[in-house]
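Chemist: Next comes the structure file start_5.txt, holding compact mmCIF, C-alpha atoms and all ligand atoms.
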```txt
# COMPACT_ATOMS: atom_id res chain seq x y z
CA MET A 1 -63.59 -21.30 -45.36
CA LYS A 2 -62.81 -24.66 -43.77
CA ASP A 3 -61.41 -25.17 -40.29
CA ILE A 4 -57.76 -26.11 -39.96
CA ASN A 5 -57.27 -29.86 -39.52
CA ILE A 6 -54.40 -31.93 -38.22
CA PRO A 7 -53.88 -35.03 -40.37
CA ALA A 8 -53.16 -38.22 -38.39
CA PRO A 9 -49.74 -39.75 -39.04
CA SER A 10 -49.47 -43.52 -39.35
CA TRP A 11 -48.29 -45.14 -36.12
CA ASP A 12 -45.57 -46.83 -38.14
CA SER A 13 -44.14 -43.62 -39.61
CA ASP A 14 -40.87 -41.79 -38.88
CA LEU A 15 -43.01 -38.86 -37.84
CA ALA A 16 -44.60 -40.90 -35.03
CA ASN A 17 -41.10 -41.74 -33.81
CA ILE A 18 -40.00 -38.13 -33.84
CA ILE A 19 -43.08 -37.15 -31.85
CA LEU A 20 -42.28 -39.81 -29.24
CA ASP A 21 -38.70 -38.50 -28.95
CA LEU A 22 -39.93 -34.95 -28.55
CA GLU A 23 -42.41 -36.07 -25.91
CA LYS A 24 -39.47 -37.35 -23.86
CA LEU A 25 -37.79 -33.97 -24.18
CA ARG A 26 -41.01 -32.22 -23.18
CA THR A 27 -40.61 -33.09 -19.52
CA LYS A 28 -36.82 -33.17 -19.41
CA ARG A 29 -34.97 -30.45 -17.52
CA LEU A 30 -32.33 -29.33 -19.95
CA GLY A 31 -28.64 -29.49 -18.85
CA GLY A 32 -27.62 -26.52 -16.77
CA ASN A 33 -24.21 -27.01 -15.09
CA VAL A 34 -22.15 -24.83 -17.44
CA PRO A 35 -20.82 -21.83 -15.44
CA SER A 36 -22.68 -18.69 -16.45
CA HIS A 37 -19.54 -16.83 -17.62
CA ILE A 38 -18.97 -19.59 -20.20
CA PHE A 39 -22.62 -19.99 -21.05
CA PHE A 40 -23.11 -16.31 -21.93
CA GLN A 41 -20.19 -16.42 -24.34
CA LEU A 42 -21.68 -19.44 -26.08
CA LYS A 43 -24.90 -17.56 -26.29
CA ASP A 44 -23.12 -14.63 -27.95
CA ILE A 45 -21.69 -17.00 -30.51
CA PHE A 46 -25.12 -18.35 -31.34
CA HIS A 47 -26.35 -14.83 -31.78
CA ILE A 48 -23.58 -14.30 -34.29
CA LEU A 49 -24.76 -17.37 -36.16
CA GLU A 50 -28.38 -16.22 -36.01
CA THR A 51 -27.46 -12.77 -37.28
CA LEU A 52 -25.57 -14.23 -40.14
CA GLY A 53 -28.38 -16.67 -40.85
CA SER A 54 -30.97 -13.93 -41.07
CA ALA A 55 -28.67 -11.71 -43.12
CA ARG A 56 -28.37 -14.62 -45.53
CA ILE A 57 -32.12 -14.83 -45.87
CA GLU A 58 -32.01 -11.30 -47.21
CA GLY A 59 -29.45 -12.36 -49.80
CA ASN A 60 -26.32 -10.99 -48.15
CA ASN A 61 -23.29 -12.94 -49.26
CA THR A 62 -21.02 -12.72 -46.25
CA THR A 63 -19.57 -16.11 -45.42
CA LEU A 64 -19.08 -17.28 -41.89
CA SER A 65 -15.30 -16.92 -41.99
CA GLU A 66 -15.47 -13.38 -43.40
CA TYR A 67 -17.94 -12.46 -40.71
CA VAL A 68 -15.75 -13.93 -37.98
CA GLU A 69 -12.80 -11.85 -39.21
CA LYS A 70 -14.98 -8.72 -39.11
CA ILE A 71 -15.93 -9.45 -35.51
CA ILE A 72 -12.32 -10.01 -34.52
CA GLU A 73 -11.50 -6.64 -36.11
CA LYS A 74 -14.49 -5.21 -34.22
CA ASN A 75 -16.32 -3.39 -37.00
CA THR A 76 -19.69 -5.01 -37.16
CA HIS A 77 -22.40 -2.60 -36.13
CA ASP A 78 -25.18 -2.31 -38.72
CA GLU A 79 -29.01 -2.32 -39.01
CA SER A 80 -29.24 -6.05 -38.47
CA ASP A 81 -28.18 -5.38 -34.85
CA ASP A 82 -31.53 -3.63 -34.29
CA GLU A 83 -33.36 -6.54 -35.83
CA ILE A 84 -31.61 -8.95 -33.47
CA LYS A 85 -32.26 -6.66 -30.48
CA ASN A 86 -35.96 -6.67 -31.35
CA LEU A 87 -35.96 -10.46 -31.57
CA GLU A 88 -34.42 -10.62 -28.11
CA ASN A 89 -37.01 -8.22 -26.71
CA ALA A 90 -39.76 -10.29 -28.28
CA ILE A 91 -38.35 -13.42 -26.66
CA ASP A 92 -38.32 -11.61 -23.29
CA PHE A 93 -41.93 -10.62 -23.81
CA ILE A 94 -42.92 -14.19 -24.64
CA GLU A 95 -41.10 -15.63 -21.65
CA GLU A 96 -42.71 -13.15 -19.29
CA ASN A 97 -46.19 -13.71 -20.67
CA THR A 98 -46.40 -17.42 -21.45
CA ASP A 99 -47.34 -20.33 -19.23
CA GLU A 100 -49.51 -23.42 -19.68
CA ASN A 101 -52.71 -21.34 -19.59
CA THR A 102 -51.77 -18.52 -21.94
CA LEU A 103 -54.21 -17.65 -24.70
CA PHE A 104 -52.51 -16.63 -27.88
CA ASN A 105 -55.06 -14.07 -28.95
CA ARG A 106 -54.85 -11.25 -31.43
CA ALA A 107 -53.58 -8.76 -28.84
CA PHE A 108 -50.71 -11.08 -27.88
CA ILE A 109 -49.64 -11.58 -31.48
CA SER A 110 -50.05 -7.91 -32.28
CA GLU A 111 -47.84 -6.89 -29.37
CA ILE A 112 -45.07 -9.23 -30.50
CA HIS A 113 -45.25 -7.91 -34.04
CA GLN A 114 -44.84 -4.35 -32.77
CA ILE A 115 -41.78 -5.32 -30.75
CA LEU A 116 -40.28 -7.15 -33.73
CA THR A 117 -40.59 -4.31 -36.19
CA LYS A 118 -39.71 -1.42 -33.86
CA ASN A 119 -37.38 1.22 -35.38
CA LEU A 120 -36.89 -0.79 -38.55
CA THR A 121 -37.48 0.68 -42.01
CA PRO A 122 -40.77 -0.56 -43.57
CA PRO A 123 -40.72 -2.68 -46.74
CA PRO A 124 -39.77 -2.77 -49.53
CA SER A 125 -36.39 -1.39 -48.38
CA GLY A 126 -36.26 -2.54 -44.76
CA GLU A 127 -37.23 -5.28 -42.32
CA GLY A 128 -39.91 -3.25 -40.51
CA SER A 129 -43.64 -2.86 -41.15
CA LYS A 130 -45.94 -0.13 -42.47
CA ASN A 131 -48.59 -1.14 -39.92
CA PRO A 132 -46.88 -2.66 -36.89
CA GLY A 133 -49.23 -5.02 -35.07
CA GLU A 134 -52.00 -4.66 -37.69
CA LEU A 135 -53.14 -7.14 -40.30
CA ARG A 136 -52.01 -6.11 -43.76
CA VAL A 137 -54.39 -3.99 -45.82
CA HIS A 138 -53.03 -4.98 -49.21
CA ASN A 139 -52.15 -8.16 -51.07
CA VAL A 140 -48.66 -9.61 -50.81
CA LYS A 141 -46.34 -11.96 -52.61
CA ILE A 142 -43.69 -14.00 -50.84
CA LYS A 143 -40.19 -13.60 -52.28
CA SER A 144 -38.85 -16.80 -53.89
CA SER A 145 -42.11 -18.64 -53.45
CA GLY A 146 -44.92 -19.62 -55.82
CA HIS A 147 -47.56 -19.29 -53.12
CA THR A 148 -50.01 -16.37 -53.10
CA PRO A 149 -51.34 -15.63 -49.59
CA PRO A 150 -55.09 -14.90 -49.15
CA GLU A 151 -56.31 -11.55 -50.42
CA HIS A 152 -56.40 -8.85 -47.80
CA PHE A 153 -60.20 -8.44 -47.64
CA ILE A 154 -60.71 -12.06 -46.50
CA LEU A 155 -57.66 -12.09 -44.28
CA ARG A 156 -59.47 -11.39 -41.01
CA GLU A 157 -61.56 -14.54 -41.34
CA TYR A 158 -58.47 -16.65 -42.02
CA PHE A 159 -56.68 -15.10 -39.10
CA GLU A 160 -59.58 -15.77 -36.70
CA LYS A 161 -59.68 -19.43 -37.73
CA PHE A 162 -55.96 -19.55 -37.07
CA ILE A 163 -56.40 -18.06 -33.58
CA ASP A 164 -59.14 -20.62 -32.80
CA PHE A 165 -56.89 -23.42 -34.02
CA ILE A 166 -53.88 -22.49 -31.88
CA ASN A 167 -55.98 -22.06 -28.73
CA PHE A 168 -58.13 -25.16 -29.11
CA ALA A 169 -57.53 -27.84 -26.45
CA HIS A 170 -55.98 -30.41 -28.77
CA LYS A 171 -55.54 -33.94 -27.40
CA GLU A 172 -52.05 -34.56 -26.09
CA GLN A 173 -50.87 -36.65 -29.04
CA TYR A 174 -51.83 -33.83 -31.42
CA GLN A 175 -50.20 -30.95 -29.57
CA LEU A 176 -46.81 -31.06 -31.28
CA LEU A 177 -48.47 -31.61 -34.64
CA MET A 178 -50.52 -28.52 -33.90
CA VAL A 179 -47.31 -26.47 -33.57
CA ALA A 180 -46.06 -27.77 -36.92
CA VAL A 181 -49.34 -27.24 -38.74
CA ALA A 182 -49.74 -23.79 -37.16
CA HIS A 183 -46.34 -22.62 -38.35
CA HIS A 184 -47.06 -23.51 -41.93
CA ARG A 185 -50.58 -22.10 -41.78
CA PHE A 186 -49.42 -18.82 -40.31
CA GLU A 187 -46.91 -18.40 -43.14
CA PHE A 188 -49.51 -19.52 -45.68
CA ILE A 189 -51.92 -16.80 -44.47
CA HIS A 190 -49.11 -14.23 -44.16
CA PRO A 191 -51.15 -11.88 -41.95
CA PHE A 192 -48.63 -9.01 -41.82
CA ASP A 193 -47.01 -6.89 -44.49
CA ASN A 194 -43.59 -8.09 -43.27
CA GLY A 195 -42.03 -10.01 -40.38
CA ASN A 196 -44.18 -13.10 -40.88
CA GLY A 197 -41.21 -15.45 -40.83
CA ARG A 198 -39.81 -13.96 -37.61
CA MET A 199 -43.27 -13.88 -36.04
CA GLY A 200 -43.96 -17.50 -36.97
CA ARG A 201 -40.66 -18.68 -35.53
CA LEU A 202 -41.34 -16.80 -32.29
CA LEU A 203 -44.80 -18.31 -32.04
CA ASN A 204 -43.17 -21.74 -32.17
CA TYR A 205 -41.10 -20.72 -29.17
CA ALA A 206 -44.20 -19.58 -27.29
CA PHE A 207 -46.04 -22.82 -28.12
CA LEU A 208 -43.14 -24.91 -26.83
CA ILE A 209 -43.19 -23.03 -23.53
CA LYS A 210 -46.94 -23.46 -23.23
CA LEU A 211 -46.58 -27.19 -23.89
CA GLY A 212 -44.10 -27.47 -21.03
CA PHE A 213 -40.76 -27.69 -22.87
CA GLN A 214 -37.90 -26.32 -20.76
CA VAL A 215 -36.56 -24.17 -23.59
CA LYS A 216 -36.46 -21.12 -21.32
CA ASN A 217 -33.68 -22.62 -19.19
CA GLY A 218 -30.54 -20.88 -20.29
CA ARG A 219 -32.36 -19.63 -23.34
CA ILE A 220 -29.48 -20.14 -25.65
CA ILE A 221 -31.38 -19.93 -28.89
CA ASN A 222 -34.92 -20.11 -30.11
CA PRO A 223 -34.95 -23.71 -31.36
CA SER A 224 -36.78 -22.69 -34.47
CA SER A 225 -33.92 -20.45 -35.56
CA VAL A 226 -32.73 -23.70 -37.13
CA PHE A 227 -35.07 -22.89 -40.00
CA TYR A 228 -33.25 -19.61 -40.63
CA THR A 229 -30.06 -21.41 -41.37
CA ASP A 230 -31.34 -23.78 -44.02
CA ARG A 231 -33.57 -21.49 -45.95
CA ASP A 232 -33.78 -23.42 -49.20
CA LYS A 233 -35.05 -26.57 -47.53
CA TYR A 234 -37.38 -24.55 -45.30
CA TYR A 235 -38.94 -22.78 -48.28
CA GLU A 236 -39.16 -26.00 -50.25
CA MET A 237 -41.02 -27.79 -47.46
CA LEU A 238 -43.35 -24.83 -46.85
CA SER A 239 -44.14 -24.74 -50.56
CA ARG A 240 -44.97 -28.39 -50.58
CA ALA A 241 -47.39 -27.92 -47.69
CA ASP A 242 -49.09 -25.07 -49.55
CA SER A 243 -51.10 -27.74 -51.42
CA LEU A 244 -52.81 -28.35 -48.02
CA LYS A 245 -53.03 -32.06 -48.90
CA SER A 246 -52.67 -34.40 -45.93
CA ASP A 247 -49.54 -36.11 -47.29
CA ASP A 248 -47.79 -32.83 -47.92
CA ILE A 249 -48.75 -31.43 -44.53
CA LEU A 250 -47.44 -34.61 -42.89
CA ALA A 251 -44.15 -34.28 -44.80
CA TRP A 252 -43.91 -30.71 -43.51
CA CYS A 253 -44.64 -31.87 -39.95
CA GLU A 254 -41.89 -34.46 -40.16
CA TYR A 255 -39.34 -31.93 -41.44
CA PHE A 256 -40.38 -29.32 -38.89
CA LEU A 257 -40.52 -31.55 -35.81
CA LEU A 258 -37.23 -33.27 -36.67
CA GLY A 259 -35.61 -29.82 -36.89
CA LEU A 260 -36.97 -28.88 -33.48
CA LYS A 261 -35.93 -32.17 -31.93
CA ASN A 262 -32.34 -31.87 -33.17
CA GLU A 263 -32.14 -28.30 -32.02
CA ILE A 264 -33.48 -28.95 -28.52
CA GLU A 265 -30.97 -31.78 -28.15
CA LYS A 266 -28.16 -29.41 -29.14
CA ILE A 267 -29.25 -26.83 -26.59
CA ASP A 268 -29.23 -29.55 -23.98
CA SER A 269 -25.61 -30.43 -24.85
CA LEU A 270 -24.49 -26.82 -24.76
CA LEU A 271 -25.74 -26.49 -21.21
CA ASN A 272 -23.70 -29.52 -20.17
CA LYS A 273 -20.27 -28.75 -18.77
CA GLU A 274 -18.55 -31.99 -19.76
CA TYR A 275 -19.79 -31.64 -23.30
CA VAL A 276 -18.72 -28.02 -23.60
CA LYS A 277 -15.30 -28.81 -22.15
CA LYS A 278 -14.50 -31.95 -24.14
CA GLN A 279 -16.28 -31.25 -27.41
CA ILE A 280 -15.88 -27.52 -27.74
CA LEU A 281 -13.33 -25.75 -25.56
CA LEU A 282 -10.54 -28.32 -25.52
CA PRO A 283 -10.59 -28.94 -29.29
CA THR A 284 -10.59 -25.16 -29.79
CA LEU A 285 -7.44 -24.81 -27.69
CA VAL A 286 -5.76 -27.61 -29.60
CA LEU A 287 -6.55 -25.88 -32.89
CA ALA A 288 -5.25 -22.55 -31.58
CA ARG A 289 -2.00 -24.14 -30.40
CA ASN A 290 -1.49 -26.09 -33.63
CA SER A 291 -1.93 -22.95 -35.68
CA GLU A 292 0.39 -21.12 -33.26
CA GLN A 293 -2.19 -18.58 -32.21
CA ILE A 294 -1.37 -19.46 -28.61
CA THR A 295 1.90 -20.69 -27.13
CA ASP A 296 2.40 -24.00 -25.35
CA GLN A 297 2.41 -22.23 -22.02
CA GLU A 298 -0.82 -20.40 -22.82
CA PHE A 299 -2.33 -23.68 -23.88
CA LYS A 300 -1.41 -25.30 -20.56
CA ILE A 301 -2.89 -22.45 -18.56
CA LEU A 302 -6.15 -22.38 -20.49
CA GLU A 303 -6.41 -26.16 -20.36
CA TYR A 304 -5.90 -26.06 -16.58
CA LEU A 305 -8.56 -23.37 -16.31
CA ILE A 306 -11.26 -25.17 -18.28
CA ASN A 307 -10.62 -28.37 -16.35
CA LYS A 308 -11.54 -26.62 -13.13
CA ASP A 309 -15.02 -27.06 -11.77
CA ASP A 310 -15.94 -23.39 -12.10
CA MET A 311 -13.78 -22.86 -15.22
CA ALA A 312 -12.01 -19.97 -13.51
CA MET A 313 -8.67 -19.40 -11.73
CA LYS A 314 -6.49 -16.92 -9.85
CA SER A 315 -2.95 -16.04 -10.92
CA GLU A 316 -1.66 -17.63 -7.65
CA GLU A 317 -2.59 -20.99 -9.11
CA LEU A 318 0.08 -20.63 -11.77
CA SER A 319 2.33 -22.52 -9.32
CA PHE A 320 1.11 -25.61 -11.15
CA LEU A 321 3.48 -24.56 -13.96
CA GLY A 322 6.37 -24.30 -11.55
CA ILE A 323 6.13 -20.50 -11.41
CA THR A 324 6.68 -19.54 -7.80
CA ASP A 325 7.34 -15.83 -7.81
CA SER A 326 4.08 -13.90 -7.43
CA LYS A 327 5.32 -10.99 -9.56
CA LYS A 328 6.12 -13.40 -12.36
CA LYS A 329 2.65 -14.96 -12.00
CA ALA A 330 1.03 -11.56 -12.33
CA VAL A 331 3.07 -10.85 -15.46
CA VAL A 332 2.05 -14.14 -17.12
CA MET A 333 -1.61 -13.59 -16.32
CA GLY A 334 -1.33 -9.94 -17.40
CA LYS A 335 -0.17 -11.05 -20.85
CA LEU A 336 -3.16 -13.34 -21.27
CA LYS A 337 -5.36 -10.46 -20.18
CA ASP A 338 -3.76 -8.12 -22.72
CA LYS A 339 -4.41 -10.66 -25.43
CA ASN A 340 -8.03 -10.71 -24.26
CA ILE A 341 -8.06 -14.51 -23.96
CA VAL A 342 -8.69 -14.33 -20.24
CA VAL A 343 -10.98 -11.85 -18.49
CA PRO A 344 -11.94 -11.32 -14.86
CA VAL A 345 -15.17 -13.16 -14.04
CA THR A 346 -16.43 -10.04 -12.28
CA GLU A 347 -15.36 -6.57 -13.30
CA GLY A 348 -11.98 -5.69 -11.79
CA GLY A 349 -11.86 -9.04 -9.97
CA ARG A 350 -8.87 -11.35 -9.52
CA ILE A 351 -10.53 -14.56 -10.66
CA TYR A 352 -10.12 -15.11 -14.38
CA THR A 353 -11.95 -17.14 -16.97
CA ILE A 354 -11.25 -17.95 -20.60
CA ARG A 355 -12.63 -15.61 -23.24
CA PHE A 356 -13.36 -16.96 -26.69
CA VAL A 357 -15.67 -14.37 -28.25
CA ASN A 358 -14.22 -11.27 -29.97
CA ASN A 359 -10.70 -12.63 -30.24
CA TYR A 360 -8.88 -15.10 -32.44
CA LEU A 361 -10.10 -18.13 -30.46
CA LEU A 362 -13.40 -17.45 -32.21
CA ARG A 363 -11.97 -18.92 -35.44
CA GLY A 364 -11.32 -22.23 -33.73
CA ILE A 365 -14.66 -22.23 -31.91
CA MET A 366 -16.55 -21.80 -35.17
CA LYS A 367 -14.61 -24.63 -36.76
CA VAL A 368 -15.30 -26.92 -33.82
CA LEU A 369 -18.99 -25.98 -33.72
CA LYS A 370 -19.20 -26.80 -37.39
CA GLU A 371 -17.61 -30.20 -36.83
CA ASN A 372 -20.20 -30.83 -34.12
CA GLY A 373 -23.05 -30.02 -36.49
CA PHE A 374 -23.98 -26.65 -34.97
CA VAL A 375 -23.36 -24.59 -38.08
CA SER A 376 -25.41 -25.26 -41.12
CA ASP A 377 -23.43 -25.94 -44.27
CA PHE A 378 -24.79 -23.15 -46.35
CA LEU A 379 -23.15 -20.56 -44.09
CA ASN A 380 -19.81 -21.78 -45.35
CA ASN A 381 -20.56 -22.09 -49.04
CA ASN A 382 -18.88 -19.40 -51.01
N1 LIG A 401 -44.09 -21.27 -50.07
C1 LIG A 401 -44.31 -20.66 -48.90
N2 LIG A 401 -45.49 -20.84 -48.29
C2 LIG A 401 -45.73 -20.24 -47.10
N3 LIG A 401 -44.84 -19.45 -46.48
C3 LIG A 401 -43.66 -19.26 -47.05
C4 LIG A 401 -43.32 -19.86 -48.28
N4 LIG A 401 -42.08 -19.48 -48.59
C5 LIG A 401 -41.64 -18.70 -47.58
N5 LIG A 401 -42.57 -18.55 -46.64
C6 LIG A 401 -42.48 -17.81 -45.36
O1 LIG A 401 -42.39 -16.43 -45.60
C7 LIG A 401 -41.44 -15.86 -44.69
C8 LIG A 401 -40.97 -14.54 -45.22
O2 LIG A 401 -42.00 -13.60 -45.02
P1 LIG A 401 -41.73 -12.14 -44.40
O3 LIG A 401 -40.80 -11.39 -45.27
O4 LIG A 401 -43.02 -11.50 -44.06
O5 LIG A 401 -41.00 -12.54 -43.04
P2 LIG A 401 -39.73 -11.84 -42.38
O6 LIG A 401 -39.73 -12.22 -40.94
O7 LIG A 401 -39.70 -10.38 -42.73
O8 LIG A 401 -38.54 -12.50 -43.17
P3 LIG A 401 -37.56 -13.67 -42.84
O9 LIG A 401 -38.34 -14.87 -42.47
O10 LIG A 401 -36.86 -13.84 -44.14
O11 LIG A 401 -36.68 -13.18 -41.74
C9 LIG A 401 -40.39 -16.96 -44.62
O12 LIG A 401 -39.56 -16.88 -43.46
C10 LIG A 401 -41.24 -18.19 -44.58
O13 LIG A 401 -41.66 -18.49 -43.25
MG MG A 402 -39.27 -9.77 -44.82
```
Kindly transcribe the structure held in the file into structure tokens.

Modeler:
Amino acid sequence: MKDINIPAPSWDSDLANIILDLEKLRTKRLGGNVPSHIFFQLKDIFHILETLGSARIEGNNTTLSEYVEKIIEKNTHDESDDEIKNLENAIDFIEENTDENTLFNRAFISEIHQILTKNLTPPPSGEGSKNPGELRVHNVKIKSSGHTPPEHFILREYFEKFIDFINFAHKEQYQLLMVAVAHHRFEFIHPFDNGNGRMGRLLNYAFLIKLGFQVKNGRIINPSSVFYTDRDKYYEMLSRADSLKSDDILAWCEYFLLGLKNEIEKIDSLLNKEYVKKQILLPTLVLARNSEQITDQEFKILEYLINKDDMAMKSEELSFLGITDSKKKAVVMGKLKDKNIVVPVTEGGRIYTIRFVNNYLLRGIMKVLKENGFVSDFLNNN
């Protein structure tokens, strides 16, 4: 069996450009001035999108708008919640155990696989594994793919070559290409009975941390979750690379690294207060007012609130509306609280912030996120 090679892109190619752009992001500190009470809500929303994305991969036909209505009606708990919880735990594990010197050996990968598949039903019915953390002991097929992964009795050799490849000290200009090639090769080998897609996407995250990308800051999403949300293209590009020809591998690298670049740029925007205010929260309020989900007065209060530096306010500040009586102020704020569109920043506290998850503002947020390119189209196709 041959070693894994990285084909060299032409200096003139789009791929070379994408690599240069990503190299700039490698050292950049990502955003970071969004108040945490706003940031965590955005994070929740991205988890909703990730959940829906992964449910889609399994052929579930819920559309984004149906799912949003379910959340507003608060009846969403199902098995996919455990899958998402496991993914979060795996991300925690990676963040705690990865720095520029980390070796991604078999034990590391095995541990992540165990976390990922914990408490989930093994295949064919569920998203768990028959042998968590162990290489598969039977042959597998990949659903909706023409590729047949290596037979189980030669798997160990393939896997060891893979481990050597990802830990080799590649020259700087090949490091991002290594991540791209490694993702395809891991899926090509398909070392586990299930969870290979999730595992591969988490390995990308670990590689980015090792290479010095600031993706941990704020940790809004694993940038490679982008591949969840456009499954057809993702599968098509993986299939093409299955030929292992240099041209096809380079086409894969271009697709993969462009996806990561776009996603890292999005995360950067979402951590930026001005961006979140002007591009997301304000347009959401306008939508909610235009569709009469909030009144003019509510609009004014929420607009005032998000324009504040800390995106939070006390009911005393309602004087700006000409309300002087403190009882009246408390009543107005109390109504917003009852509608669940403001919540205290700290439990039982008197400083309030806007809430846009789990209430009808979520409809507007999703629409605005879609207009800003954060929601892949297929989530909305009926
Ligand atoms: N043609 C292909 N060549 C190589 N790998 C492929 C191909 N088509 C799909 N894959 C990979 O196989 C993964 C699915 O394998 P598996 O079911 O083990 O992973 P999973 O984590 O359980 O599922 P999912 O990725 O759907 O969440 C896909 O996510 C993709 O990464
Ligand atoms: Mg699976």

Chemist: Go through the chains and note each residue within 8 Å of ligand MG 402 (chain A), using only C-alpha atoms and all ligand atoms, then give the set as a PyMOL selection string.

Modeler: chain A and resi 58+123+126-128+194-197

Chemist: List every residue of chain A that has an atom at most 7 Å from any atom of ligand LIG 401 (chain A), and for each one report the closest atom pair and its distance in Å to one decimal, counting all atoms listed in the file, with rows sorted by chain and then by increasing residue number, as JSON lines.

Modeler:
```
{"residue": "A:Ser54", "atom": "CA", "partner": "A:LIG401", "partner_atom": "O11", "distance": 5.8}
{"residue": "A:Ile57", "atom": "CA", "partner": "A:LIG401", "partner_atom": "O10", "distance": 5.1}
{"residue": "A:Glu58", "atom": "CA", "partner": "A:LIG401", "partner_atom": "O10", "distance": 6.3}
{"residue": "A:Glu127", "atom": "CA", "partner": "A:LIG401", "partner_atom": "O7", "distance": 5.7}
{"residue": "A:Ile142", "atom": "CA", "partner": "A:LIG401", "partner_atom": "O1", "distance": 5.9}
{"residue": "A:Ser144", "atom": "CA", "partner": "A:LIG401", "partner_atom": "N4", "distance": 6.8}
{"residue": "A:Ser145", "atom": "CA", "partner": "A:LIG401", "partner_atom": "N1", "distance": 4.7}
{"residue": "A:Gly146", "atom": "CA", "partner": "A:LIG401", "partner_atom": "N1", "distance": 6.0}
{"residue": "A:His147", "atom": "CA", "partner": "A:LIG401", "partner_atom": "N1", "distance": 5.0}
{"residue": "A:His184", "atom": "CA", "partner": "A:LIG401", "partner_atom": "C2", "distance": 6.3}
{"residue": "A:Glu187", "atom": "CA", "partner": "A:LIG401", "partner_atom": "N3", "distance": 4.1}
{"residue": "A:Phe188", "atom": "CA", "partner": "A:LIG401", "partner_atom": "C2", "distance": 4.1}
{"residue": "A:His190", "atom": "CA", "partner": "A:LIG401", "partner_atom": "O4", "distance": 6.7}
{"residue": "A:Phe192", "atom": "CA", "partner": "A:LIG401", "partner_atom": "O4", "distance": 6.5}
{"residue": "A:Asp193", "atom": "CA", "partner": "A:LIG401", "partner_atom": "O4", "distance": 6.1}
{"residue": "A:Asn194", "atom": "CA", "partner": "A:LIG401", "partner_atom": "O4", "distance": 3.5}
{"residue": "A:Gly195", "atom": "CA", "partner": "A:LIG401", "partner_atom": "O6", "distance": 3.2}
{"residue": "A:Asn196", "atom": "CA", "partner": "A:LIG401", "partner_atom": "O4", "distance": 3.7}
{"residue": "A:Gly197", "atom": "CA", "partner": "A:LIG401", "partner_atom": "O9", "distance": 3.4}
{"residue": "A:Arg198", "atom": "CA", "partner": "A:LIG401", "partner_atom": "O6", "distance": 3.8}
{"residue": "A:Met199", "atom": "CA", "partner": "A:LIG401", "partner_atom": "O6", "distance": 6.3}
{"residue": "A:Gly200", "atom": "CA", "partner": "A:LIG401", "partner_atom": "O13", "distance": 6.8}
{"residue": "A:Tyr235", "atom": "CA", "partner": "A:LIG401", "partner_atom": "N4", "distance": 4.6}
{"residue": "A:Glu236", "atom": "CA", "partner": "A:LIG401", "partner_atom": "N1", "distance": 6.8}
{"residue": "A:Leu238", "atom": "CA", "partner": "A:LIG401", "partner_atom": "C1", "distance": 4.7}
{"residue": "A:Ser239", "atom": "CA", "partner": "A:LIG401", "partner_atom": "N1", "distance": 3.5}
{"residue": "A:Asp242", "atom": "CA", "partner": "A:LIG401", "partner_atom": "N2", "distance": 5.7}
```

Chemist: Nearest residue to Asp309 in chain A out of A:Ile38, A:Ile341, A:Phe93, A:Leu25, using all atoms listed in the file?

Modeler: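 Residue with the minimum atom-to-atom distance to Asp309 in chain A: A:Ile38.
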
Chemist: So which one's closest to Asn204 in chain A, A:Tyr352, A:Phe104, A:Phe168, A:Tyr174? Using all atoms listed in the file, please.

Modeler: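 Nearest candidate to Asn204 in chain A out of A:Tyr352, A:Phe104, A:Phe168, A:Tyr174: A:Phe104.
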
Chemist: Determine the nearest neighbour of His152 in chain A from the options A:Gly364, A:Gly133, A:Pro191, A:Pro124, counting only C-alpha atoms.

Modeler: A:Pro191
